[in-house]
Structure formats: C-alpha cells, structure tokens
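Visitor: Structure supplied as data00.cif; contents: mmCIF, C-alpha atoms.
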data_protein
#
loop_
_atom_site.label_atom_id
_atom_site.label_comp_id
_atom_site.auth_asym_id
_atom_site.auth_seq_id
_atom_site.Cartn_x
_atom_site.Cartn_y
_atom_site.Cartn_z
CA SER U 1 -5.81 -57.64 84.90
CA PHE U 2 -2.55 -58.87 83.40
CA THR U 3 -1.19 -55.31 83.42
CA ALA U 4 -1.96 -54.82 87.11
CA ALA U 5 -0.50 -58.19 88.02
CA ALA U 6 2.64 -57.44 86.02
CA ALA U 7 3.05 -54.15 87.86
CA VAL U 8 2.97 -55.93 91.22
CA PHE U 9 5.84 -58.21 90.32
CA THR U 10 7.94 -55.97 88.09
CA LEU U 11 7.48 -52.72 90.07
CA PRO U 12 6.55 -53.88 93.57
CA GLY U 13 7.29 -50.56 95.28
CA PRO U 14 5.12 -48.34 93.07
CA ALA U 15 2.42 -51.03 93.01
CA ALA U 16 2.42 -51.18 96.82
CA CYS U 17 2.06 -47.40 96.91
CA ALA U 18 -0.80 -47.43 94.43
CA LEU U 19 -2.70 -50.22 96.17
CA VAL U 20 -1.99 -49.56 99.84
CA GLY U 21 -5.53 -48.28 100.40
CA ALA U 22 -6.84 -51.76 99.59
CA SER U 23 -4.31 -53.60 101.72
CA GLY U 24 -6.37 -53.87 104.91
CA MET U 25 -3.75 -52.09 107.04
CA ARG U 26 -4.46 -50.26 110.26
CA THR U 27 -4.26 -46.47 110.02
CA LEU U 28 -2.61 -44.91 113.06
CA ALA U 29 -3.39 -41.53 114.61
CA ASP U 30 -0.61 -39.78 112.66
CA GLY U 31 -1.79 -41.31 109.38
CA SER U 32 0.91 -43.97 109.09
CA ARG U 33 -0.14 -47.54 108.35
CA THR U 34 0.81 -51.01 109.49
CA HIS U 35 -0.46 -54.55 109.68
CA SER U 36 0.80 -54.82 113.26
CA ALA U 37 -1.88 -55.07 115.92
CA SER U 38 0.62 -54.28 118.69
CA GLU U 39 -0.04 -51.07 120.63
CA ALA U 40 3.66 -51.00 121.52
CA ASP U 41 4.52 -51.03 117.80
CA HIS U 42 2.02 -48.24 117.17
CA ARG U 43 3.60 -46.03 119.86
CA ARG U 44 7.08 -46.79 118.56
CA TYR U 45 6.12 -45.94 114.97
CA ALA U 46 4.53 -42.66 116.06
CA GLN U 47 7.65 -41.67 117.97
CA LEU U 48 9.93 -42.61 115.06
CA THR U 49 7.88 -40.54 112.64
CA HIS U 50 7.88 -37.56 115.00
CA ASP U 51 11.64 -37.77 115.56
CA ALA U 52 12.43 -38.21 111.86
CA ARG U 53 10.37 -35.17 110.87
CA ALA U 54 11.97 -33.16 113.68
CA ARG U 55 15.40 -34.04 112.30
CA ILE U 56 14.45 -32.76 108.84
CA GLU U 57 13.03 -29.56 110.33
CA ALA U 58 16.24 -28.99 112.29
CA ALA U 59 18.30 -29.41 109.13
CA PHE U 60 16.24 -27.58 106.49
CA GLY U 61 13.02 -26.20 107.94
CA ALA U 62 9.38 -27.17 108.28
CA VAL U 63 8.17 -30.34 106.58
CA GLU U 64 5.41 -29.97 103.99
CA ALA U 65 5.28 -33.43 102.39
CA LYS U 66 2.51 -35.76 103.51
CA PRO U 67 3.54 -39.17 102.20
CA VAL U 68 1.79 -42.37 103.20
CA VAL U 69 4.20 -43.92 105.72
CA ILE U 70 3.94 -47.71 105.87
CA PHE U 71 5.70 -49.86 108.47
CA PHE U 72 5.92 -53.55 107.66
CA ASN U 73 7.46 -56.23 109.83
CA GLY U 74 7.78 -59.09 107.37
CA PRO U 75 11.32 -59.58 106.04
CA GLU U 76 10.22 -59.39 102.41
CA GLY U 77 7.35 -56.90 102.46
CA PHE U 78 3.62 -57.48 102.76
CA GLY U 79 1.05 -59.33 100.70
CA PRO U 80 2.44 -60.05 97.22
CA PHE U 81 4.90 -57.15 97.43
CA ARG U 82 8.59 -57.92 97.80
CA LEU U 83 10.20 -54.77 99.18
CA ASN U 84 13.46 -53.39 100.47
CA GLY U 85 13.84 -54.62 104.07
CA TYR U 86 15.32 -51.26 105.11
CA GLY U 87 13.27 -48.59 103.41
CA SER U 88 12.32 -46.97 100.13
CA THR U 89 10.27 -44.07 98.87
CA GLN U 90 7.94 -44.71 95.96
CA MET U 91 6.07 -42.20 93.82
CA ILE U 92 2.97 -42.59 91.69
CA GLY U 93 2.23 -39.22 90.11
CA GLY U 94 1.83 -36.73 92.94
CA ARG U 95 1.44 -39.47 95.57
CA SER U 96 4.44 -40.68 97.57
CA CYS U 97 4.77 -43.62 99.94
CA VAL U 98 7.55 -44.24 102.44
CA LEU U 99 7.88 -47.99 102.96
CA ILE U 100 9.84 -48.93 106.08
CA GLY U 101 10.86 -52.54 106.66
CA PRO U 102 11.98 -54.30 109.82
CA GLN U 103 15.66 -53.37 109.33
CA GLY U 104 14.90 -49.71 108.75
CA GLN U 105 12.79 -48.86 111.76
CA ASN U 106 15.11 -46.18 113.08
CA VAL U 107 15.33 -42.40 112.81
CA ASP U 108 18.18 -42.43 110.27
CA VAL U 109 16.39 -44.54 107.67
CA LEU U 110 12.98 -42.94 108.18
CA ALA U 111 14.36 -39.38 108.02
CA HIS U 112 16.30 -40.33 104.86
CA GLU U 113 13.17 -41.63 103.14
CA LEU U 114 10.98 -38.75 104.32
CA MET U 115 13.55 -36.36 102.85
CA HIS U 116 13.06 -37.98 99.43
CA ALA U 117 9.32 -37.41 99.83
CA GLU U 118 10.00 -33.78 100.75
CA LEU U 119 12.01 -33.20 97.58
CA HIS U 120 9.27 -34.85 95.53
CA ALA U 121 6.56 -32.70 97.13
CA ARG U 122 8.46 -29.43 96.77
CA THR U 123 9.66 -29.90 93.20
CA GLY U 124 6.58 -31.64 91.83
CA TYR U 125 6.45 -34.97 90.05
CA LEU U 126 7.83 -33.90 86.67
CA ALA U 127 10.71 -31.78 87.93
CA TYR U 128 11.64 -34.43 90.48
CA PHE U 129 12.08 -37.09 87.82
CA LEU U 130 13.34 -34.91 84.97
CA GLN U 131 15.54 -32.37 86.76
CA VAL U 132 16.83 -33.74 90.06
CA PRO U 133 19.90 -35.96 89.55
CA THR U 134 20.02 -39.06 91.72
CA TRP U 135 23.33 -38.11 93.35
CA PHE U 136 21.74 -34.87 94.60
CA ASP U 137 18.50 -36.53 95.70
CA GLU U 138 20.45 -39.13 97.68
CA GLY U 139 22.95 -36.57 98.95
CA VAL U 140 20.21 -34.38 100.39
CA ALA U 141 18.56 -37.40 102.02
CA MET U 142 21.92 -38.36 103.52
CA GLN U 143 22.13 -34.99 105.32
CA VAL U 144 19.55 -36.30 107.80
CA ASP U 145 20.93 -39.84 107.84
CA HIS U 146 23.68 -40.07 110.45
CA ARG U 147 24.68 -43.71 110.12
CA PRO U 148 28.47 -43.93 110.58
CA THR U 149 28.75 -46.37 107.67
CA TYR U 150 28.62 -43.39 105.33
CA ALA U 151 31.43 -41.29 106.84
CA LEU U 152 34.50 -40.75 104.65
CA SER U 153 38.17 -40.49 105.45
CA PRO U 154 40.01 -37.45 103.98
CA GLN U 155 41.65 -39.79 101.46
CA GLU U 156 38.29 -41.17 100.32
CA SER U 157 36.69 -37.74 100.14
CA ALA U 158 39.18 -36.69 97.47
CA LYS U 159 37.21 -38.80 94.97
CA ALA U 160 33.74 -37.83 96.16
CA ASP U 161 33.02 -35.48 93.27
CA ASP U 162 33.00 -38.49 90.92
CA VAL U 163 29.49 -39.28 92.17
CA ARG U 164 28.08 -36.35 90.19
CA ALA U 165 28.33 -38.47 87.06
CA LEU U 166 25.63 -40.75 88.53
CA THR U 167 22.57 -38.78 87.50
CA THR U 168 20.09 -41.68 87.26
CA SER U 169 18.96 -44.22 89.83
CA ALA U 170 20.14 -47.05 87.57
CA ALA U 171 23.65 -45.61 87.35
CA PHE U 172 23.77 -44.86 91.09
CA ALA U 173 22.73 -48.40 92.02
CA ASP U 174 24.95 -50.15 89.47
CA ALA U 175 27.52 -51.30 92.02
CA ASP U 176 28.21 -54.06 94.50
CA GLU U 177 27.40 -53.50 98.17
CA LYS U 178 30.70 -51.78 98.91
CA GLY U 179 30.43 -49.60 95.82
CA LEU U 180 26.85 -48.61 96.62
CA THR U 181 27.83 -47.64 100.16
CA ARG U 182 30.59 -45.52 98.66
CA ASN U 183 28.13 -43.83 96.29
CA TYR U 184 25.90 -42.84 99.20
CA ALA U 185 28.91 -41.61 101.19
CA PHE U 186 30.19 -39.58 98.23
CA ALA U 187 26.75 -38.07 97.61
CA LYS U 188 26.47 -37.17 101.28
CA ALA U 189 29.85 -35.44 101.25
CA VAL U 190 29.27 -33.51 98.02
CA VAL U 191 25.88 -32.19 99.13
CA ALA U 192 27.30 -31.36 102.56
CA GLY U 193 29.82 -29.21 100.69
CA TRP U 194 26.98 -27.49 98.85
CA VAL U 195 25.13 -26.88 102.13
CA ALA U 196 28.29 -25.34 103.60
CA ASN U 197 28.53 -22.96 100.63
CA ALA U 198 24.87 -22.13 100.00
CA GLY U 199 23.36 -22.53 103.47
CA GLN U 200 20.71 -24.88 104.83
CA ALA U 201 17.94 -22.32 104.49
CA SER U 202 18.44 -22.05 100.73
CA LEU U 203 17.36 -25.60 99.89
CA TYR U 204 13.58 -25.18 99.94
CA PRO U 205 13.55 -21.92 97.91
CA ARG U 206 15.81 -23.59 95.33
CA LEU U 207 13.42 -26.54 95.06
CA ASP U 208 10.58 -24.07 94.47
CA ARG U 209 12.57 -22.70 91.53
CA LEU U 210 12.89 -26.21 90.08
CA LYS U 211 9.14 -26.60 90.41
CA SER U 212 8.62 -23.35 88.50
CA GLY U 213 10.57 -24.79 85.55
CA GLN U 214 14.13 -23.55 86.01
CA PRO U 215 16.81 -26.12 85.11
CA PHE U 216 18.88 -27.80 87.79
CA ALA U 217 22.18 -26.37 86.53
CA GLU U 218 20.79 -22.85 86.86
CA VAL U 219 19.25 -23.36 90.29
CA PHE U 220 22.26 -25.22 91.68
CA PRO U 221 25.23 -23.67 89.83
CA GLU U 222 28.50 -25.49 89.45
CA SER U 223 30.34 -22.84 91.46
CA GLU U 224 28.48 -23.82 94.63
CA PHE U 225 29.88 -27.34 94.48
CA VAL U 226 33.51 -26.18 94.52
CA PHE U 227 35.45 -27.33 97.54
CA ARG U 228 38.95 -28.43 98.41
CA SER U 229 39.42 -32.19 98.17
CA GLY U 230 39.93 -33.85 101.50
CA THR U 231 38.13 -31.15 103.48
CA LEU U 232 34.53 -32.13 102.81
CA PRO U 233 32.10 -31.69 105.68
CA GLY U 234 31.47 -35.06 107.29
CA ALA U 235 34.95 -36.45 106.55
CA LYS U 236 36.36 -38.29 109.52
#
Once more with this new file: its structure as structure tokens, please.
Guide:
Amino acid sequence: SFTAAAAVFTLPGPAACALVGASGMRTLADGSRTHSASEADHRRYAQLTHDARARIEAAFGAVEAKPVVIFFNGPEGFGPFRLNGYGSTQMIGGRSCVLIGPQGQNVDVLAHELMHAELHARTGYLAYFLQVPTWFDEGVAMQVDHRPTYALSPQESAKADDVRALTTSAAFADADEKGLTRNYAFAKAVVAGWVANAGQASLYPRLDRLKSGQPFAEVFPESEFVFRSGTLPGAK
C-alpha cells in the first residue's frame, strides 16, 4: 500500500524492524539475523553479541531485553532500507530491533544499542517515549560504550550539564558532527555522575518505577545529578 511504502522511505529504521521477518535473512543460533552466508561472519556476530551483553551485565546487571539483532554488511542497509552504517535501535510498540551496520560491528556500538533496547524493555513502550529524556537514554547507553572519541577534558566537562536541555531526539541530533559528538560525550559524563552518586545497581529498579507510572523527575531527582564541574567521571 501507499502507506506501507511511505513508511519504508520516511521511517526506514522502524519499517525495517517491522518487516524484518519477511526479509529472507538467516537466523543464527542466538537469534540474531543476517544476510551473510559466511560461517566466519556468523561466529563473529555471535561473539560480539555475547561480549556486548556481558559488558552490560558487568555495568548494571543481568540483561532482560530480547531485541531482534540484525547485522548488515551493505554500506547503506539492506533491501529498500537506508540505515545508519554504524548502528541504531528501532522500536515498534513493544518490539525492538538493533540494526548494526558494517562500521558498527564492534562491542562498543553493539553494547550501546543493546542498552537502548534494555531501557525500552524495562520501562515499557509508553514510559520510554514519554518519560525518558534523550540525554539520559543516550547517557546510559554511553556507559557501556568505551570509544575514546567521547572522553572529555576537565575544561569541556564544565559545560556537560547543558546537555540536559536536550530532552528529545530531534533536539539532541540537531548539531553538526562535532556538536553531536559533544552531545554524546556530555550525556555520558552527566550520567556517569549520576551513577557515581546513585550506584550502578539502582538503575534497573528505577526503570521499574518509571514503568509503574512514576514521573522521571521523581524517580531520578535533581539532587542526584549534582556534581562539581570539571570532576565528572570519565573526564580525561
């Protein structure tokens, strides 16, 4: 239909998630999917998925989310879908898909995207989209993403709290490449400060409270984001 076709081209990520079952991909032993016929690729994908989940478990505890993980090797996606060549996490109702492109086939990117799926699973679809601000969603995902690009100097960290104004994905992404990198780095630093104050083990119980209907500001109070500028965890 026209509506379905429009969805493919205007919202390629969600459309890919919705239609992946009809894409003719191979399903691997761990449930991930790919068009690759290479056994070496299959082993590599399985190891990446294992290592990425282990990183999340080491940071916050056992993983509950069961997203569809899709590895694609084409530079622009697969089929009619034009996707992020690194990675993205897409949600359609209660379903989530982690789409990993050729530039994102590493533990940092996969753990980052799986962490988004974990937040979505633990908060539920409505709370995830209505309550979780983008800076927090990205900041939590950055706790398991160790790419050095997103480390801050003490001077840069002094402005990190500004990222909390970026509550929507549109606002967070409204920047050039340098500015977007800075937004991710700021979000990482601010949430690292929260983790230092509240503790790693408190994340999942707090997400359960969001799922039960409590507002974000009550579950994650302002006082827990207080820190001294220039001394944020992760500053270099």
Visitor: Decode the PyMOL selection byres ((chain U and resi 180-193) around 8) for the given file into explicit residues and return them as an NGL selection string.
Guide: :U and (135-136 or 138-143 or 149-152 or 157 or 159-164 or 172-179 or 194-197 or 225-227 or 232-235)
Visitor: Convert the output of the PyMOL selection byres ((chain U and resi 58-65) around 8) on the shown file into explicit residues, formatted as a ChimeraX atom specification.
Guide: /U:53-57,66-67,117-118,121-122,143-144,200-201,203-204
Visitor: Taking the file as shown, find all residues satisfying the PyMOL selection byres ((chain U and resi 205-213) around 9) and write them as a list of chain:residue names.
Guide: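 So the PyMOL selection byres ((chain U and resi 205-213) around 9), applied here, picks out U:Leu119, U:Arg122, U:Thr123, U:Gly124, U:Tyr125, U:Leu126, U:Ala127, U:Tyr128, U:Gln131, U:Val132, U:Ala201, U:Ser202, U:Leu203, U:Tyr204, U:Gln214, U:Pro215, U:Phe216, U:Val219, U:Phe220.
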Visitor: Could you tell me how far atom CA of U:Gly85 lies from atom CA of U:His42, in Å and to one decimal?
Guide: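 A separation of 18.8 Å between them.
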Visitor: What separation in Å, quoted to one decimal, exists between atom CA of U:Leu28 and atom CA of U:Asn106?
Guide: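 These atoms are spaced 17.8 Å apart.
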Visitor: Got a sec: who's within 8 Å of U:Glu113, counting all atoms listed in the file, leaving out chain neighbours fewer than 6 positions off, as a ChimeraX atom specification?
Guide: /U:87-89,98,141
Visitor: Which of these residues is nearest to U:Arg26, using all atoms listed in the file: U:Ala40, U:Ala217, U:Met91, U:Ile70?
Guide: U:Ile70
Visitor: Which residues are near U:Val68? Cut-off 12 Å, only C-alpha atoms, ignore same chain within fewer than 2 positions. Put them as a ChimeraX atom specification.
Guide: /U:16-21,25,27-28,30-34,49,65-66,70-71,88-92,94-100,113-114,117
Visitor: Would you mind exporting C-alpha atoms of the selected residues as a CSV table (one decimal), in the coordinates of the input?
Guide:
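Now in again.csv:
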chain,number,residue,atom,x,y,z
U,16,ALA,CA,2.4,-51.2,96.8
U,17,CYS,CA,2.1,-47.4,96.9
U,18,ALA,CA,-0.8,-47.4,94.4
U,19,LEU,CA,-2.7,-50.2,96.2
U,20,VAL,CA,-2.0,-49.6,99.8
U,21,GLY,CA,-5.5,-48.3,100.4
U,25,MET,CA,-3.8,-52.1,107.0
U,27,THR,CA,-4.3,-46.5,110.0
U,28,LEU,CA,-2.6,-44.9,113.1
U,30,ASP,CA,-0.6,-39.8,112.7
U,31,GLY,CA,-1.8,-41.3,109.4
U,32,SER,CA,0.9,-44.0,109.1
U,33,ARG,CA,-0.1,-47.5,108.4
U,34,THR,CA,0.8,-51.0,109.5
U,49,THR,CA,7.9,-40.5,112.6
U,65,ALA,CA,5.3,-33.4,102.4
U,66,LYS,CA,2.5,-35.8,103.5
U,70,ILE,CA,3.9,-47.7,105.9
U,71,PHE,CA,5.7,-49.9,108.5
U,88,SER,CA,12.3,-47.0,100.1
U,89,THR,CA,10.3,-44.1,98.9
U,90,GLN,CA,7.9,-44.7,96.0
U,91,MET,CA,6.1,-42.2,93.8
U,92,ILE,CA,3.0,-42.6,91.7
U,94,GLY,CA,1.8,-36.7,92.9
U,95,ARG,CA,1.4,-39.5,95.6
U,96,SER,CA,4.4,-40.7,97.6
U,97,CYS,CA,4.8,-43.6,99.9
U,98,VAL,CA,7.6,-44.2,102.4
U,99,LEU,CA,7.9,-48.0,103.0
U,100,ILE,CA,9.8,-48.9,106.1
U,113,GLU,CA,13.2,-41.6,103.1
U,114,LEU,CA,11.0,-38.8,104.3
U,117,ALA,CA,9.3,-37.4,99.8
Visitor: Nearest to U:Thr167 among U:Val107, U:Gln155, U:Gln47, U:Thr134, with distances taken over all atoms listed in the file: which residue is it?
Guide: U:Thr134
Visitor: Using atom CA of U:Gly199 and atom CA of U:Glu218 as the two end points, give the distance in Å to one decimal.
Guide: 16.8 Å
Visitor: Quick one: of U:Ala37, U:Phe129, U:Val69, U:Glu156, who's nearest to U:His50, counting all atoms listed in the file?
Guide: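 Of U:Ala37, U:Phe129, U:Val69, U:Glu156, the one nearest U:His50 is U:Val69, counting all atoms listed in the file.
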Visitor: From the block you just saw, export stretch 174-189 of chain U: N, CA, C and O atoms, as a PDB file, in the first residue's frame.
Guide:
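Result file result-v9.pdb:
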ATOM      1  N   ASP U 174      20.237  17.743  16.624  1.00  0.00           N
ATOM      2  CA  ASP U 174      20.270  18.990  15.862  1.00  0.00           C
ATOM      3  C   ASP U 174      21.624  19.666  16.033  1.00  0.00           C
ATOM      4  O   ASP U 174      21.771  20.670  16.744  1.00  0.00           O
ATOM      5  N   ALA U 175      22.639  19.107  15.394  1.00  0.00           N
ATOM      6  CA  ALA U 175      24.009  19.602  15.527  1.00  0.00           C
ATOM      7  C   ALA U 175      24.842  19.055  14.374  1.00  0.00           C
ATOM      8  O   ALA U 175      24.467  18.068  13.738  1.00  0.00           O
ATOM      9  N   ASP U 176      25.965  19.710  14.111  1.00  0.00           N
ATOM     10  CA  ASP U 176      26.889  19.160  13.125  1.00  0.00           C
ATOM     11  C   ASP U 176      27.629  17.985  13.760  1.00  0.00           C
ATOM     12  O   ASP U 176      27.380  17.630  14.922  1.00  0.00           O
ATOM     13  N   GLU U 177      28.527  17.367  13.022  1.00  0.00           N
ATOM     14  CA  GLU U 177      29.190  16.160  13.522  1.00  0.00           C
ATOM     15  C   GLU U 177      29.937  16.414  14.825  1.00  0.00           C
ATOM     16  O   GLU U 177      29.852  15.628  15.779  1.00  0.00           O
ATOM     17  N   LYS U 178      30.634  17.528  14.894  1.00  0.00           N
ATOM     18  CA  LYS U 178      31.388  17.854  16.111  1.00  0.00           C
ATOM     19  C   LYS U 178      30.440  18.092  17.283  1.00  0.00           C
ATOM     20  O   LYS U 178      30.677  17.629  18.406  1.00  0.00           O
ATOM     21  N   GLY U 179      29.351  18.823  17.010  1.00  0.00           N
ATOM     22  CA  GLY U 179      28.387  19.108  18.062  1.00  0.00           C
ATOM     23  C   GLY U 179      27.684  17.856  18.551  1.00  0.00           C
ATOM     24  O   GLY U 179      27.411  17.708  19.748  1.00  0.00           O
ATOM     25  N   LEU U 180      27.383  16.928  17.636  1.00  0.00           N
ATOM     26  CA  LEU U 180      26.718  15.694  18.029  1.00  0.00           C
ATOM     27  C   LEU U 180      27.650  14.829  18.880  1.00  0.00           C
ATOM     28  O   LEU U 180      27.223  14.245  19.881  1.00  0.00           O
ATOM     29  N   THR U 181      28.919  14.775  18.500  1.00  0.00           N
ATOM     30  CA  THR U 181      29.897  14.051  19.318  1.00  0.00           C
ATOM     31  C   THR U 181      29.954  14.649  20.712  1.00  0.00           C
ATOM     32  O   THR U 181      29.998  13.928  21.717  1.00  0.00           O
ATOM     33  N   ARG U 182      29.926  15.967  20.790  1.00  0.00           N
ATOM     34  CA  ARG U 182      29.936  16.647  22.088  1.00  0.00           C
ATOM     35  C   ARG U 182      28.687  16.299  22.901  1.00  0.00           C
ATOM     36  O   ARG U 182      28.766  16.063  24.111  1.00  0.00           O
ATOM     37  N   ASN U 183      27.539  16.235  22.249  1.00  0.00           N
ATOM     38  CA  ASN U 183      26.309  15.888  22.973  1.00  0.00           C
ATOM     39  C   ASN U 183      26.404  14.497  23.592  1.00  0.00           C
ATOM     40  O   ASN U 183      26.007  14.283  24.741  1.00  0.00           O
ATOM     41  N   TYR U 184      26.928  13.547  22.826  1.00  0.00           N
ATOM     42  CA  TYR U 184      27.098  12.199  23.369  1.00  0.00           C
ATOM     43  C   TYR U 184      28.091  12.206  24.534  1.00  0.00           C
ATOM     44  O   TYR U 184      27.874  11.539  25.558  1.00  0.00           O
ATOM     45  N   ALA U 185      29.183  12.938  24.372  1.00  0.00           N
ATOM     46  CA  ALA U 185      30.192  12.999  25.432  1.00  0.00           C
ATOM     47  C   ALA U 185      29.629  13.652  26.690  1.00  0.00           C
ATOM     48  O   ALA U 185      29.882  13.194  27.817  1.00  0.00           O
ATOM     49  N   PHE U 186      28.852  14.719  26.519  1.00  0.00           N
ATOM     50  CA  PHE U 186      28.236  15.385  27.666  1.00  0.00           C
ATOM     51  C   PHE U 186      27.246  14.448  28.360  1.00  0.00           C
ATOM     52  O   PHE U 186      27.214  14.357  29.593  1.00  0.00           O
ATOM     53  N   ALA U 187      26.413  13.769  27.564  1.00  0.00           N
ATOM     54  CA  ALA U 187      25.437  12.851  28.146  1.00  0.00           C
ATOM     55  C   ALA U 187      26.144  11.734  28.913  1.00  0.00           C
ATOM     56  O   ALA U 187      25.714  11.350  30.017  1.00  0.00           O
ATOM     57  N   LYS U 188      27.226  11.232  28.349  1.00  0.00           N
ATOM     58  CA  LYS U 188      27.994  10.184  29.023  1.00  0.00           C
ATOM     59  C   LYS U 188      28.515  10.673  30.369  1.00  0.00           C
ATOM     60  O   LYS U 188      28.400   9.974  31.386  1.00  0.00           O
ATOM     61  N   ALA U 189      29.051  11.877  30.393  1.00  0.00           N
ATOM     62  CA  ALA U 189      29.624  12.415  31.619  1.00  0.00           C
ATOM     63  C   ALA U 189      28.562  12.681  32.680  1.00  0.00           C
ATOM     64  O   ALA U 189      28.749  12.376  33.858  1.00  0.00           O
TER      65      ALA U 189
END
